[in-house]
$ cat target13.cif   # mmCIF, N, CA and C atoms and all ligand atoms
data_work
#
loop_
_atom_site.label_atom_id
_atom_site.label_comp_id
_atom_site.auth_asym_id
_atom_site.auth_seq_id
_atom_site.Cartn_x
_atom_site.Cartn_y
_atom_site.Cartn_z
N MET F 268 106.72 50.92 80.69
CA MET F 268 106.97 52.19 79.98
C MET F 268 106.49 52.06 78.54
N SER F 269 105.27 52.54 78.29
CA SER F 269 104.76 52.47 76.93
C SER F 269 104.83 53.83 76.24
N GLU F 270 105.38 54.82 76.94
CA GLU F 270 105.46 56.15 76.35
C GLU F 270 106.43 56.18 75.19
N THR F 271 106.06 56.98 74.19
CA THR F 271 106.94 57.11 73.03
C THR F 271 108.13 57.98 73.37
N ASN F 272 109.29 57.55 72.96
CA ASN F 272 110.49 58.38 73.07
C ASN F 272 110.79 59.03 71.73
N TYR F 273 111.14 60.30 71.78
CA TYR F 273 111.60 61.00 70.58
C TYR F 273 113.07 61.37 70.79
N HIS F 274 113.78 61.46 69.69
CA HIS F 274 115.23 61.61 69.77
C HIS F 274 115.69 62.93 69.18
N GLY F 275 116.60 63.58 69.91
CA GLY F 275 117.11 64.85 69.43
C GLY F 275 118.60 64.96 69.69
N SER F 276 119.18 65.99 69.11
CA SER F 276 120.60 66.22 69.31
C SER F 276 120.93 67.67 69.00
N CYS F 277 122.12 68.07 69.42
CA CYS F 277 122.63 69.38 69.05
C CYS F 277 123.05 69.37 67.58
N PHE F 278 123.60 70.46 67.12
CA PHE F 278 123.97 70.62 65.71
C PHE F 278 125.03 69.59 65.29
N CYS F 279 126.00 69.32 66.15
CA CYS F 279 127.09 68.39 65.78
C CYS F 279 126.79 66.95 66.16
N GLY F 280 125.82 66.73 67.06
CA GLY F 280 125.47 65.37 67.45
C GLY F 280 126.16 64.88 68.71
N GLU F 281 127.04 65.68 69.26
CA GLU F 281 127.76 65.27 70.47
C GLU F 281 126.80 65.15 71.67
N VAL F 282 125.86 66.09 71.74
CA VAL F 282 124.83 66.04 72.79
C VAL F 282 123.59 65.37 72.21
N GLN F 283 123.17 64.29 72.85
CA GLN F 283 121.97 63.60 72.39
C GLN F 283 121.02 63.44 73.55
N PHE F 284 119.73 63.42 73.22
CA PHE F 284 118.74 63.34 74.28
C PHE F 284 117.47 62.68 73.77
N THR F 285 116.63 62.30 74.72
CA THR F 285 115.29 61.85 74.36
C THR F 285 114.27 62.68 75.15
N VAL F 286 113.09 62.81 74.59
CA VAL F 286 111.94 63.33 75.31
C VAL F 286 110.86 62.26 75.23
N SER F 287 110.09 62.11 76.31
CA SER F 287 109.15 61.00 76.40
C SER F 287 107.72 61.48 76.61
N GLY F 288 106.81 60.83 75.92
CA GLY F 288 105.39 61.11 76.13
C GLY F 288 104.94 62.31 75.32
N LYS F 289 104.14 63.15 75.98
CA LYS F 289 103.58 64.31 75.30
C LYS F 289 104.04 65.58 75.98
N PRO F 290 104.33 66.63 75.19
CA PRO F 290 104.72 67.90 75.82
C PRO F 290 103.52 68.57 76.48
N GLU F 291 103.79 69.45 77.42
CA GLU F 291 102.74 70.21 78.10
C GLU F 291 102.17 71.29 77.19
N ALA F 292 103.00 71.80 76.29
CA ALA F 292 102.57 72.84 75.35
C ALA F 292 103.58 72.94 74.23
N MET F 293 103.10 73.47 73.08
CA MET F 293 103.97 73.70 71.93
C MET F 293 103.56 75.01 71.29
N GLY F 294 104.51 75.74 70.79
CA GLY F 294 104.17 76.98 70.11
C GLY F 294 105.38 77.77 69.73
N TYR F 295 105.14 79.07 69.49
CA TYR F 295 106.20 79.97 69.08
C TYR F 295 106.31 81.10 70.08
N CYS F 296 107.55 81.41 70.47
CA CYS F 296 107.79 82.56 71.34
C CYS F 296 108.45 83.67 70.53
N HIS F 297 107.85 84.86 70.63
CA HIS F 297 108.33 86.01 69.85
C HIS F 297 109.10 87.00 70.72
N CYS F 298 109.50 86.61 71.94
CA CYS F 298 110.11 87.60 72.83
C CYS F 298 111.52 87.99 72.39
N GLU F 299 111.93 89.17 72.87
CA GLU F 299 113.23 89.69 72.48
C GLU F 299 114.37 88.81 72.99
N SER F 300 114.20 88.23 74.18
CA SER F 300 115.26 87.37 74.73
C SER F 300 115.49 86.16 73.84
N CYS F 301 114.41 85.50 73.43
CA CYS F 301 114.56 84.35 72.53
C CYS F 301 115.22 84.79 71.22
N ARG F 302 114.80 85.93 70.73
CA ARG F 302 115.33 86.40 69.45
C ARG F 302 116.82 86.68 69.56
N ARG F 303 117.20 87.40 70.60
CA ARG F 303 118.61 87.78 70.71
C ARG F 303 119.50 86.58 71.02
N TRP F 304 118.98 85.67 71.84
CA TRP F 304 119.82 84.52 72.17
C TRP F 304 119.96 83.58 70.98
N SER F 305 118.85 83.35 70.28
CA SER F 305 118.88 82.37 69.18
C SER F 305 119.40 82.97 67.89
N ALA F 306 119.41 84.32 67.82
CA ALA F 306 119.75 85.00 66.57
C ALA F 306 118.78 84.63 65.46
N GLY F 307 117.56 84.24 65.84
CA GLY F 307 116.50 83.92 64.89
C GLY F 307 115.26 84.71 65.26
N PRO F 308 114.33 84.91 64.34
CA PRO F 308 113.19 85.78 64.59
C PRO F 308 112.17 85.25 65.59
N VAL F 309 112.04 83.94 65.70
CA VAL F 309 111.11 83.34 66.67
C VAL F 309 111.73 82.06 67.20
N ASN F 310 111.19 81.59 68.32
CA ASN F 310 111.64 80.33 68.90
C ASN F 310 110.48 79.35 68.91
N ALA F 311 110.65 78.21 68.23
CA ALA F 311 109.64 77.16 68.28
C ALA F 311 109.93 76.29 69.49
N PHE F 312 109.02 76.34 70.47
CA PHE F 312 109.27 75.64 71.73
C PHE F 312 108.38 74.42 71.90
N THR F 313 108.88 73.46 72.68
CA THR F 313 108.07 72.37 73.20
C THR F 313 108.39 72.30 74.70
N LEU F 314 107.37 72.37 75.52
CA LEU F 314 107.56 72.41 76.97
C LEU F 314 107.25 71.05 77.58
N TRP F 315 108.19 70.54 78.36
CA TRP F 315 108.08 69.20 78.95
C TRP F 315 108.31 69.28 80.45
N LYS F 316 107.72 68.34 81.18
CA LYS F 316 108.13 68.13 82.56
C LYS F 316 109.61 67.74 82.52
N PRO F 317 110.41 68.29 83.43
CA PRO F 317 111.84 67.96 83.41
C PRO F 317 112.12 66.46 83.41
N SER F 318 111.26 65.68 84.06
CA SER F 318 111.49 64.23 84.13
C SER F 318 111.31 63.54 82.78
N ALA F 319 110.68 64.23 81.81
CA ALA F 319 110.46 63.65 80.49
C ALA F 319 111.66 63.85 79.57
N VAL F 320 112.63 64.65 80.03
CA VAL F 320 113.80 64.99 79.20
C VAL F 320 115.02 64.27 79.74
N ASN F 321 115.67 63.49 78.91
CA ASN F 321 116.87 62.77 79.33
C ASN F 321 118.02 63.06 78.38
N ILE F 322 119.11 63.58 78.93
CA ILE F 322 120.32 63.73 78.13
C ILE F 322 121.02 62.38 78.11
N THR F 323 121.12 61.77 76.95
CA THR F 323 121.63 60.41 76.87
C THR F 323 123.11 60.37 76.48
N ARG F 324 123.63 61.48 75.99
CA ARG F 324 125.05 61.53 75.61
C ARG F 324 125.53 62.96 75.63
N GLY F 325 126.77 63.15 76.05
CA GLY F 325 127.41 64.46 75.95
C GLY F 325 126.95 65.47 76.97
N LYS F 326 126.44 65.01 78.11
CA LYS F 326 125.96 65.94 79.12
C LYS F 326 127.07 66.92 79.54
N ASP F 327 128.31 66.42 79.55
CA ASP F 327 129.45 67.27 79.94
C ASP F 327 129.74 68.34 78.90
N LYS F 328 129.16 68.21 77.71
CA LYS F 328 129.37 69.22 76.67
C LYS F 328 128.35 70.36 76.76
N LEU F 329 127.32 70.17 77.59
CA LEU F 329 126.28 71.20 77.70
C LEU F 329 126.77 72.36 78.56
N SER F 330 126.73 73.54 78.01
CA SER F 330 127.00 74.75 78.78
C SER F 330 125.70 75.49 78.96
N SER F 331 125.62 76.32 79.98
CA SER F 331 124.37 77.04 80.17
C SER F 331 124.61 78.44 80.71
N TYR F 332 123.59 79.26 80.51
CA TYR F 332 123.65 80.65 80.92
C TYR F 332 122.26 81.10 81.32
N ALA F 333 122.16 81.81 82.42
CA ALA F 333 120.87 82.32 82.87
C ALA F 333 120.94 83.83 83.02
N LYS F 334 120.36 84.55 82.08
CA LYS F 334 120.28 86.00 82.21
C LYS F 334 119.21 86.37 83.23
N SER F 335 118.15 85.55 83.28
CA SER F 335 117.14 85.71 84.33
C SER F 335 116.94 84.34 84.97
N PRO F 336 116.56 84.31 86.26
CA PRO F 336 116.52 83.05 87.00
C PRO F 336 115.60 81.99 86.41
N ASN F 337 114.55 82.43 85.70
CA ASN F 337 113.60 81.44 85.19
C ASN F 337 113.94 80.93 83.79
N SER F 338 115.07 81.32 83.24
CA SER F 338 115.48 80.81 81.93
C SER F 338 116.95 80.43 81.93
N GLN F 339 117.20 79.14 82.12
CA GLN F 339 118.55 78.59 82.13
C GLN F 339 118.78 77.98 80.74
N ARG F 340 119.46 78.73 79.88
CA ARG F 340 119.58 78.35 78.47
C ARG F 340 120.83 77.50 78.24
N SER F 341 120.66 76.35 77.59
CA SER F 341 121.77 75.41 77.41
C SER F 341 122.06 75.15 75.95
N TRP F 342 123.36 74.99 75.67
CA TRP F 342 123.81 74.74 74.30
C TRP F 342 124.99 73.80 74.35
N CYS F 343 125.35 73.26 73.20
CA CYS F 343 126.51 72.38 73.10
C CYS F 343 127.77 73.24 72.98
N ALA F 344 128.71 73.02 73.89
CA ALA F 344 129.93 73.83 73.89
C ALA F 344 130.81 73.52 72.69
N GLN F 345 130.62 72.36 72.08
CA GLN F 345 131.44 71.99 70.93
C GLN F 345 130.98 72.67 69.64
N CYS F 346 129.67 72.68 69.38
CA CYS F 346 129.18 73.22 68.10
C CYS F 346 128.40 74.52 68.28
N GLY F 347 128.03 74.86 69.52
CA GLY F 347 127.25 76.07 69.74
C GLY F 347 125.77 75.89 69.50
N GLY F 348 125.36 74.69 69.11
CA GLY F 348 123.94 74.46 68.83
C GLY F 348 123.10 74.51 70.10
N HIS F 349 121.99 75.23 70.02
CA HIS F 349 121.10 75.34 71.17
C HIS F 349 120.35 74.03 71.38
N VAL F 350 120.13 73.68 72.64
CA VAL F 350 119.47 72.41 72.95
C VAL F 350 118.17 72.64 73.73
N LEU F 351 118.27 73.31 74.87
CA LEU F 351 117.08 73.46 75.70
C LEU F 351 117.22 74.65 76.65
N THR F 352 116.08 75.04 77.22
CA THR F 352 116.05 76.05 78.28
C THR F 352 115.22 75.52 79.42
N GLU F 353 115.81 75.51 80.61
CA GLU F 353 115.05 75.11 81.79
C GLU F 353 114.36 76.33 82.39
N HIS F 354 113.07 76.14 82.76
CA HIS F 354 112.29 77.19 83.41
C HIS F 354 111.93 76.71 84.82
N PRO F 355 112.84 76.88 85.79
CA PRO F 355 112.61 76.29 87.12
C PRO F 355 111.35 76.77 87.81
N GLU F 356 110.97 78.03 87.59
CA GLU F 356 109.76 78.54 88.27
C GLU F 356 108.50 77.87 87.74
N TRP F 357 108.53 77.42 86.52
CA TRP F 357 107.38 76.74 85.92
C TRP F 357 107.51 75.22 86.02
N GLU F 358 108.69 74.75 86.45
CA GLU F 358 108.99 73.31 86.47
C GLU F 358 108.76 72.70 85.09
N LEU F 359 109.25 73.41 84.09
CA LEU F 359 109.14 72.94 82.70
C LEU F 359 110.48 73.15 81.99
N THR F 360 110.71 72.32 80.99
CA THR F 360 111.91 72.44 80.18
C THR F 360 111.50 72.64 78.73
N ASP F 361 112.01 73.71 78.13
CA ASP F 361 111.76 73.98 76.72
C ASP F 361 112.84 73.30 75.90
N VAL F 362 112.41 72.30 75.13
CA VAL F 362 113.34 71.66 74.20
C VAL F 362 113.02 72.22 72.82
N TYR F 363 114.00 72.81 72.16
CA TYR F 363 113.74 73.48 70.89
C TYR F 363 113.23 72.50 69.86
N ALA F 364 112.08 72.82 69.30
CA ALA F 364 111.41 71.89 68.39
C ALA F 364 112.35 71.43 67.28
N ALA F 365 113.18 72.35 66.79
CA ALA F 365 114.03 72.03 65.65
C ALA F 365 115.11 70.99 65.98
N THR F 366 115.36 70.75 67.28
CA THR F 366 116.41 69.80 67.65
C THR F 366 115.89 68.37 67.80
N ILE F 367 114.54 68.21 67.84
CA ILE F 367 113.97 66.86 68.05
C ILE F 367 113.56 66.31 66.69
N ARG F 368 114.42 65.50 66.13
CA ARG F 368 114.28 65.13 64.73
C ARG F 368 113.00 64.39 64.40
N ASP F 369 112.62 63.44 65.23
CA ASP F 369 111.47 62.59 64.87
C ASP F 369 110.18 62.99 65.59
N PHE F 370 110.13 64.21 66.09
CA PHE F 370 108.96 64.63 66.85
C PHE F 370 107.95 65.35 65.95
N PRO F 371 106.66 64.95 66.04
CA PRO F 371 105.62 65.58 65.21
C PRO F 371 105.17 66.91 65.81
N TYR F 372 105.96 67.94 65.60
CA TYR F 372 105.68 69.27 66.17
C TYR F 372 104.44 69.90 65.56
N VAL F 373 103.52 70.32 66.41
CA VAL F 373 102.34 71.06 65.96
C VAL F 373 102.14 72.24 66.91
N ALA F 374 102.40 73.44 66.44
CA ALA F 374 102.26 74.62 67.29
C ALA F 374 100.80 74.82 67.68
N GLY F 375 100.59 75.26 68.94
CA GLY F 375 99.23 75.51 69.40
C GLY F 375 98.98 76.96 69.75
N VAL F 376 100.04 77.74 69.94
CA VAL F 376 99.87 79.09 70.45
C VAL F 376 101.13 79.92 70.13
N HIS F 377 100.93 81.22 70.04
CA HIS F 377 102.05 82.16 69.95
C HIS F 377 102.11 82.95 71.25
N VAL F 378 103.29 83.08 71.87
CA VAL F 378 103.39 83.86 73.09
C VAL F 378 104.34 85.05 72.87
N ASN F 379 104.15 86.06 73.73
CA ASN F 379 104.93 87.30 73.63
C ASN F 379 104.81 87.95 72.25
N TYR F 380 103.59 87.89 71.72
CA TYR F 380 103.38 88.39 70.36
C TYR F 380 103.51 89.91 70.29
N GLN F 381 103.38 90.60 71.43
CA GLN F 381 103.57 92.06 71.41
C GLN F 381 105.01 92.43 71.01
N GLU F 382 105.92 91.47 71.10
CA GLU F 382 107.32 91.75 70.76
C GLU F 382 107.69 91.24 69.36
N THR F 383 106.69 90.78 68.61
CA THR F 383 107.04 90.11 67.36
C THR F 383 107.72 91.02 66.35
N GLN F 384 108.64 90.44 65.61
CA GLN F 384 109.21 91.09 64.43
C GLN F 384 108.93 90.26 63.19
N LEU F 385 108.17 89.18 63.39
CA LEU F 385 107.81 88.34 62.25
C LEU F 385 106.37 87.87 62.44
N PRO F 386 105.40 88.77 62.12
CA PRO F 386 103.99 88.38 62.28
C PRO F 386 103.67 87.14 61.47
N MET F 387 102.84 86.27 62.04
CA MET F 387 102.50 85.02 61.36
C MET F 387 100.99 84.90 61.28
N HIS F 388 100.49 84.62 60.10
CA HIS F 388 99.04 84.56 59.88
C HIS F 388 98.63 83.10 59.72
N ASP F 389 98.62 82.39 60.84
CA ASP F 389 98.31 80.96 60.80
C ASP F 389 97.03 80.61 61.55
N GLY F 390 96.31 81.65 62.03
CA GLY F 390 95.03 81.41 62.69
C GLY F 390 95.14 80.93 64.14
N LEU F 391 96.35 80.73 64.64
CA LEU F 391 96.52 80.29 66.03
C LEU F 391 96.39 81.48 66.98
N PRO F 392 96.02 81.24 68.24
CA PRO F 392 95.92 82.34 69.20
C PRO F 392 97.26 83.06 69.36
N LYS F 393 97.17 84.41 69.43
CA LYS F 393 98.37 85.24 69.61
C LYS F 393 98.27 85.90 70.98
N LEU F 394 99.02 85.39 71.93
CA LEU F 394 98.99 85.97 73.27
C LEU F 394 99.94 87.15 73.36
N ARG F 395 99.43 88.23 73.97
CA ARG F 395 100.26 89.43 74.14
C ARG F 395 101.55 89.09 74.89
N ASP F 396 101.40 88.34 76.00
CA ASP F 396 102.58 87.90 76.76
C ASP F 396 102.47 86.39 77.02
N PHE F 397 102.10 86.03 78.25
CA PHE F 397 101.99 84.61 78.59
C PHE F 397 100.57 84.30 79.05
N PRO F 398 100.21 83.02 79.08
CA PRO F 398 98.94 82.64 79.73
C PRO F 398 98.99 82.99 81.22
N PRO F 399 97.82 83.17 81.84
CA PRO F 399 97.78 83.52 83.26
C PRO F 399 98.53 82.52 84.15
N GLU F 400 98.46 81.23 83.81
CA GLU F 400 99.13 80.22 84.65
C GLU F 400 100.65 80.32 84.56
N PHE F 401 101.14 81.14 83.63
CA PHE F 401 102.58 81.39 83.52
C PHE F 401 102.91 82.84 83.91
N GLY F 402 101.99 83.46 84.63
CA GLY F 402 102.24 84.81 85.12
C GLY F 402 101.95 85.90 84.12
N GLY F 403 101.26 85.61 83.04
CA GLY F 403 100.96 86.60 82.03
C GLY F 403 99.53 87.12 82.14
N SER F 404 99.17 87.99 81.16
CA SER F 404 97.84 88.58 81.17
C SER F 404 96.81 87.67 80.52
N GLY F 405 97.27 86.77 79.65
CA GLY F 405 96.35 85.93 78.92
C GLY F 405 95.63 86.63 77.78
N GLU F 406 95.94 87.94 77.60
CA GLU F 406 95.26 88.70 76.53
C GLU F 406 95.73 88.23 75.16
N THR F 407 94.75 88.22 74.22
CA THR F 407 95.12 87.87 72.86
C THR F 407 95.21 89.14 72.00
N MET F 408 95.90 89.03 70.89
CA MET F 408 96.11 90.15 69.97
C MET F 408 95.69 89.74 68.58
N LYS F 409 95.54 90.75 67.71
CA LYS F 409 95.29 90.47 66.30
C LYS F 409 96.58 89.95 65.67
N GLU F 410 96.40 89.13 64.63
CA GLU F 410 97.58 88.65 63.91
C GLU F 410 98.29 89.81 63.23
ZN ZN M 501 127.11 69.95 69.37
ZN ZN M 502 110.88 83.87 74.34
#
$ encode --input "target13.cif" --output "structure tokens" --more "lines below"
Ligand SMILES: [Zn+2]
Ligand SMILES: [Zn+2]
Amino acid sequence: MSETNYHGSCFCGEVQFTVSGKPEAMGYCHCESCRRWSAGPVNAFTLWKPSAVNITRGKDKLSSYAKSPNSQRSWCAQCGGHVLTEHPEWELTDVYAATIRDFPYVAGVHVNYQETQLPMHDGLPKLRDFPPEFGGSGETMKE
């Protein structure tokens, strides 16, 4: 096992986890669901194969909720801090970039930009919804 492990935790530290290797994708999601659930204007995501994500402490503290079947959102029941969202249909797990302390996050794409309330002028591709391989149109938009 030569893969690099990165370490993250919830807001209070009761839930701790590692992610290993490289994420499948990184970027910002501007969808209304992310906004309403996080109470923040955008969600900085890192998508991993589920096998790359290990909860190393406090697994019993993780609560989850699925408003739609493809987004199982998990948080720490003790502090309320968001930790991750499982996307079973994509076989990927979104670990919130802000929770992985030592991870060198570099966004590559913006998704669901048609729903944005915080336009960002960073020169990265702005997808109207999702890439085709995630069931989206793959169309890009102006910043
Ligand atoms: Zn916590
Ligand atoms: Zn979203």
$ residues_near_ligand --input "target13.cif" --ligand "ligand ZN 501 (chain M)" --cutoff "8 Å" --atoms "all atoms listed in the file" --output "compact mmCIF listing (two decimals) with N, CA and C atoms, keeping the file's coordinate frame"
# COMPACT_ATOMS: atom_id res chain seq x y z
N SER F 276 119.18 65.99 69.11
CA SER F 276 120.60 66.22 69.31
C SER F 276 120.93 67.67 69.00
N CYS F 277 122.12 68.07 69.42
CA CYS F 277 122.63 69.38 69.05
C CYS F 277 123.05 69.37 67.58
N PHE F 278 123.60 70.46 67.12
CA PHE F 278 123.97 70.62 65.71
C PHE F 278 125.03 69.59 65.29
N CYS F 279 126.00 69.32 66.15
CA CYS F 279 127.09 68.39 65.78
C CYS F 279 126.79 66.95 66.16
N GLY F 280 125.82 66.73 67.06
CA GLY F 280 125.47 65.37 67.45
C GLY F 280 126.16 64.88 68.71
N GLU F 281 127.04 65.68 69.26
CA GLU F 281 127.76 65.27 70.47
C GLU F 281 126.80 65.15 71.67
N VAL F 282 125.86 66.09 71.74
CA VAL F 282 124.83 66.04 72.79
C VAL F 282 123.59 65.37 72.21
N GLN F 283 123.17 64.29 72.85
CA GLN F 283 121.97 63.60 72.39
C GLN F 283 121.02 63.44 73.55
N LYS F 328 129.16 68.21 77.71
CA LYS F 328 129.37 69.22 76.67
C LYS F 328 128.35 70.36 76.76
N TRP F 342 123.36 74.99 75.67
CA TRP F 342 123.81 74.74 74.30
C TRP F 342 124.99 73.80 74.35
N CYS F 343 125.35 73.26 73.20
CA CYS F 343 126.51 72.38 73.10
C CYS F 343 127.77 73.24 72.98
N ALA F 344 128.71 73.02 73.89
CA ALA F 344 129.93 73.83 73.89
C ALA F 344 130.81 73.52 72.69
N GLN F 345 130.62 72.36 72.08
CA GLN F 345 131.44 71.99 70.93
C GLN F 345 130.98 72.67 69.64
N CYS F 346 129.67 72.68 69.38
CA CYS F 346 129.18 73.22 68.10
C CYS F 346 128.40 74.52 68.28
N GLY F 347 128.03 74.86 69.52
CA GLY F 347 127.25 76.07 69.74
C GLY F 347 125.77 75.89 69.50
N GLY F 348 125.36 74.69 69.11
CA GLY F 348 123.94 74.46 68.83
C GLY F 348 123.10 74.51 70.10
N HIS F 349 121.99 75.23 70.02
CA HIS F 349 121.10 75.34 71.17
C HIS F 349 120.35 74.03 71.38
$ atom_distance --input "target13.cif" --atom1 "atom N of Ala306 in chain F" --atom2 "CA of Ala374 in chain F"
19.7 Å
$ residues_near_ligand --input "target13.cif" --ligand "ligand ZN 502 (chain M)" --cutoff "5 Å" --atoms "only N, CA and C atoms and all ligand atoms" --output "PDB file with N, CA and C atoms, in the coordinates of the input"
ATOM      1  N   CYS F 296     107.550  81.410  70.470  1.00  0.00           N
ATOM      2  CA  CYS F 296     107.790  82.560  71.340  1.00  0.00           C
ATOM      3  C   CYS F 296     108.450  83.670  70.530  1.00  0.00           C
ATOM      4  N   HIS F 297     107.850  84.860  70.630  1.00  0.00           N
ATOM      5  CA  HIS F 297     108.330  86.010  69.850  1.00  0.00           C
ATOM      6  C   HIS F 297     109.100  87.000  70.720  1.00  0.00           C
ATOM      7  N   CYS F 298     109.500  86.610  71.940  1.00  0.00           N
ATOM      8  CA  CYS F 298     110.110  87.600  72.830  1.00  0.00           C
ATOM      9  C   CYS F 298     111.520  87.990  72.390  1.00  0.00           C
ATOM     10  N   CYS F 301     114.410  85.500  73.430  1.00  0.00           N
ATOM     11  CA  CYS F 301     114.560  84.350  72.530  1.00  0.00           C
ATOM     12  C   CYS F 301     115.220  84.790  71.220  1.00  0.00           C
TER      13      CYS F 301
END
$ residues_around --input "target13.cif" --residues "Arg395 in chain F" --least-positions-apart "4" --cutoff "5 Å" --atoms "all atoms listed in the file" --output "number ranges by chain"
F: 379-381, 406-408
$ select_by_dssp --input "target13.cif" --residues "chain F" --states "helix (DSSP H, G or I)" --output "PyMOL selection string"
chain F and resi 299-305+317-319+326-328+364-366+380-382+399-401
$ closest_residue --input "target13.cif" --among "F:Trp304, F:Tyr273, F:Phe312, F:Phe284" --to "Val362 in chain F" --atoms "only N, CA and C atoms"
F:Phe312
$ closest_residue --input "target13.cif" --among "F:Glu299, F:Trp357, F:Val373, F:Gln384" --to "Pro317 in chain F" --atoms "only N, CA and C atoms"
F:Trp357
$ closest_residue --input "target13.cif" --among "F:Lys316, F:Glu410, F:Ala311, F:Leu385" --to "Tyr363 in chain F" --atoms "all atoms listed in the file"
F:Ala311
$ select_by_dssp --input "target13.cif" --residues "range 268-344 of chain F" --states "strand (DSSP E)" --output "PyMOL selection string"
chain F and resi 272-276+283-287+292-296+310-315+320-324+329-335+338-343
$ write_last_selection --input "target13.cif" --atoms "N, CA and C atoms" --output "compact mmCIF listing (two decimals), in the coordinates of the input"
# COMPACT_ATOMS: atom_id res chain seq x y z
N ASN F 272 109.29 57.55 72.96
CA ASN F 272 110.49 58.38 73.07
C ASN F 272 110.79 59.03 71.73
N TYR F 273 111.14 60.30 71.78
CA TYR F 273 111.60 61.00 70.58
C TYR F 273 113.07 61.37 70.79
N HIS F 274 113.78 61.46 69.69
CA HIS F 274 115.23 61.61 69.77
C HIS F 274 115.69 62.93 69.18
N GLY F 275 116.60 63.58 69.91
CA GLY F 275 117.11 64.85 69.43
C GLY F 275 118.60 64.96 69.69
N SER F 276 119.18 65.99 69.11
CA SER F 276 120.60 66.22 69.31
C SER F 276 120.93 67.67 69.00
N GLN F 283 123.17 64.29 72.85
CA GLN F 283 121.97 63.60 72.39
C GLN F 283 121.02 63.44 73.55
N PHE F 284 119.73 63.42 73.22
CA PHE F 284 118.74 63.34 74.28
C PHE F 284 117.47 62.68 73.77
N THR F 285 116.63 62.30 74.72
CA THR F 285 115.29 61.85 74.36
C THR F 285 114.27 62.68 75.15
N VAL F 286 113.09 62.81 74.59
CA VAL F 286 111.94 63.33 75.31
C VAL F 286 110.86 62.26 75.23
N SER F 287 110.09 62.11 76.31
CA SER F 287 109.15 61.00 76.40
C SER F 287 107.72 61.48 76.61
N ALA F 292 103.00 71.80 76.29
CA ALA F 292 102.57 72.84 75.35
C ALA F 292 103.58 72.94 74.23
N MET F 293 103.10 73.47 73.08
CA MET F 293 103.97 73.70 71.93
C MET F 293 103.56 75.01 71.29
N GLY F 294 104.51 75.74 70.79
CA GLY F 294 104.17 76.98 70.11
C GLY F 294 105.38 77.77 69.73
N TYR F 295 105.14 79.07 69.49
CA TYR F 295 106.20 79.97 69.08
C TYR F 295 106.31 81.10 70.08
N CYS F 296 107.55 81.41 70.47
CA CYS F 296 107.79 82.56 71.34
C CYS F 296 108.45 83.67 70.53
N ASN F 310 111.19 81.59 68.32
CA ASN F 310 111.64 80.33 68.90
C ASN F 310 110.48 79.35 68.91
N ALA F 311 110.65 78.21 68.23
CA ALA F 311 109.64 77.16 68.28
C ALA F 311 109.93 76.29 69.49
N PHE F 312 109.02 76.34 70.47
CA PHE F 312 109.27 75.64 71.73
C PHE F 312 108.38 74.42 71.90
N THR F 313 108.88 73.46 72.68
CA THR F 313 108.07 72.37 73.20
C THR F 313 108.39 72.30 74.70
N LEU F 314 107.37 72.37 75.52
CA LEU F 314 107.56 72.41 76.97
C LEU F 314 107.25 71.05 77.58
N TRP F 315 108.19 70.54 78.36
CA TRP F 315 108.08 69.20 78.95
C TRP F 315 108.31 69.28 80.45
N VAL F 320 112.63 64.65 80.03
CA VAL F 320 113.80 64.99 79.20
C VAL F 320 115.02 64.27 79.74
N ASN F 321 115.67 63.49 78.91
CA ASN F 321 116.87 62.77 79.33
C ASN F 321 118.02 63.06 78.38
N ILE F 322 119.11 63.58 78.93
CA ILE F 322 120.32 63.73 78.13
C ILE F 322 121.02 62.38 78.11
N THR F 323 121.12 61.77 76.95
CA THR F 323 121.63 60.41 76.87
C THR F 323 123.11 60.37 76.48
N ARG F 324 123.63 61.48 75.99
CA ARG F 324 125.05 61.53 75.61
C ARG F 324 125.53 62.96 75.63
N LEU F 329 127.32 70.17 77.59
CA LEU F 329 126.28 71.20 77.70
C LEU F 329 126.77 72.36 78.56
N SER F 330 126.73 73.54 78.01
CA SER F 330 127.00 74.75 78.78
C SER F 330 125.70 75.49 78.96
N SER F 331 125.62 76.32 79.98
CA SER F 331 124.37 77.04 80.17
C SER F 331 124.61 78.44 80.71
N TYR F 332 123.59 79.26 80.51
CA TYR F 332 123.65 80.65 80.92
C TYR F 332 122.26 81.10 81.32
N ALA F 333 122.16 81.81 82.42
CA ALA F 333 120.87 82.32 82.87
C ALA F 333 120.94 83.83 83.02
N LYS F 334 120.36 84.55 82.08
CA LYS F 334 120.28 86.00 82.21
C LYS F 334 119.21 86.37 83.23
N SER F 335 118.15 85.55 83.28
CA SER F 335 117.14 85.71 84.33
C SER F 335 116.94 84.34 84.97
N SER F 338 115.07 81.32 83.24
CA SER F 338 115.48 80.81 81.93
C SER F 338 116.95 80.43 81.93
N GLN F 339 117.20 79.14 82.12
CA GLN F 339 118.55 78.59 82.13
C GLN F 339 118.78 77.98 80.74
N ARG F 340 119.46 78.73 79.88
CA ARG F 340 119.58 78.35 78.47
C ARG F 340 120.83 77.50 78.24
N SER F 341 120.66 76.35 77.59
CA SER F 341 121.77 75.41 77.41
C SER F 341 122.06 75.15 75.95
N TRP F 342 123.36 74.99 75.67
CA TRP F 342 123.81 74.74 74.30
C TRP F 342 124.99 73.80 74.35
N CYS F 343 125.35 73.26 73.20
CA CYS F 343 126.51 72.38 73.10
C CYS F 343 127.77 73.24 72.98
$ atom_distance --input "target13.cif" --atom1 "atom N of Gly275 in chain F" --atom2 "atom C of Glu291 in chain F"
17.9 Å
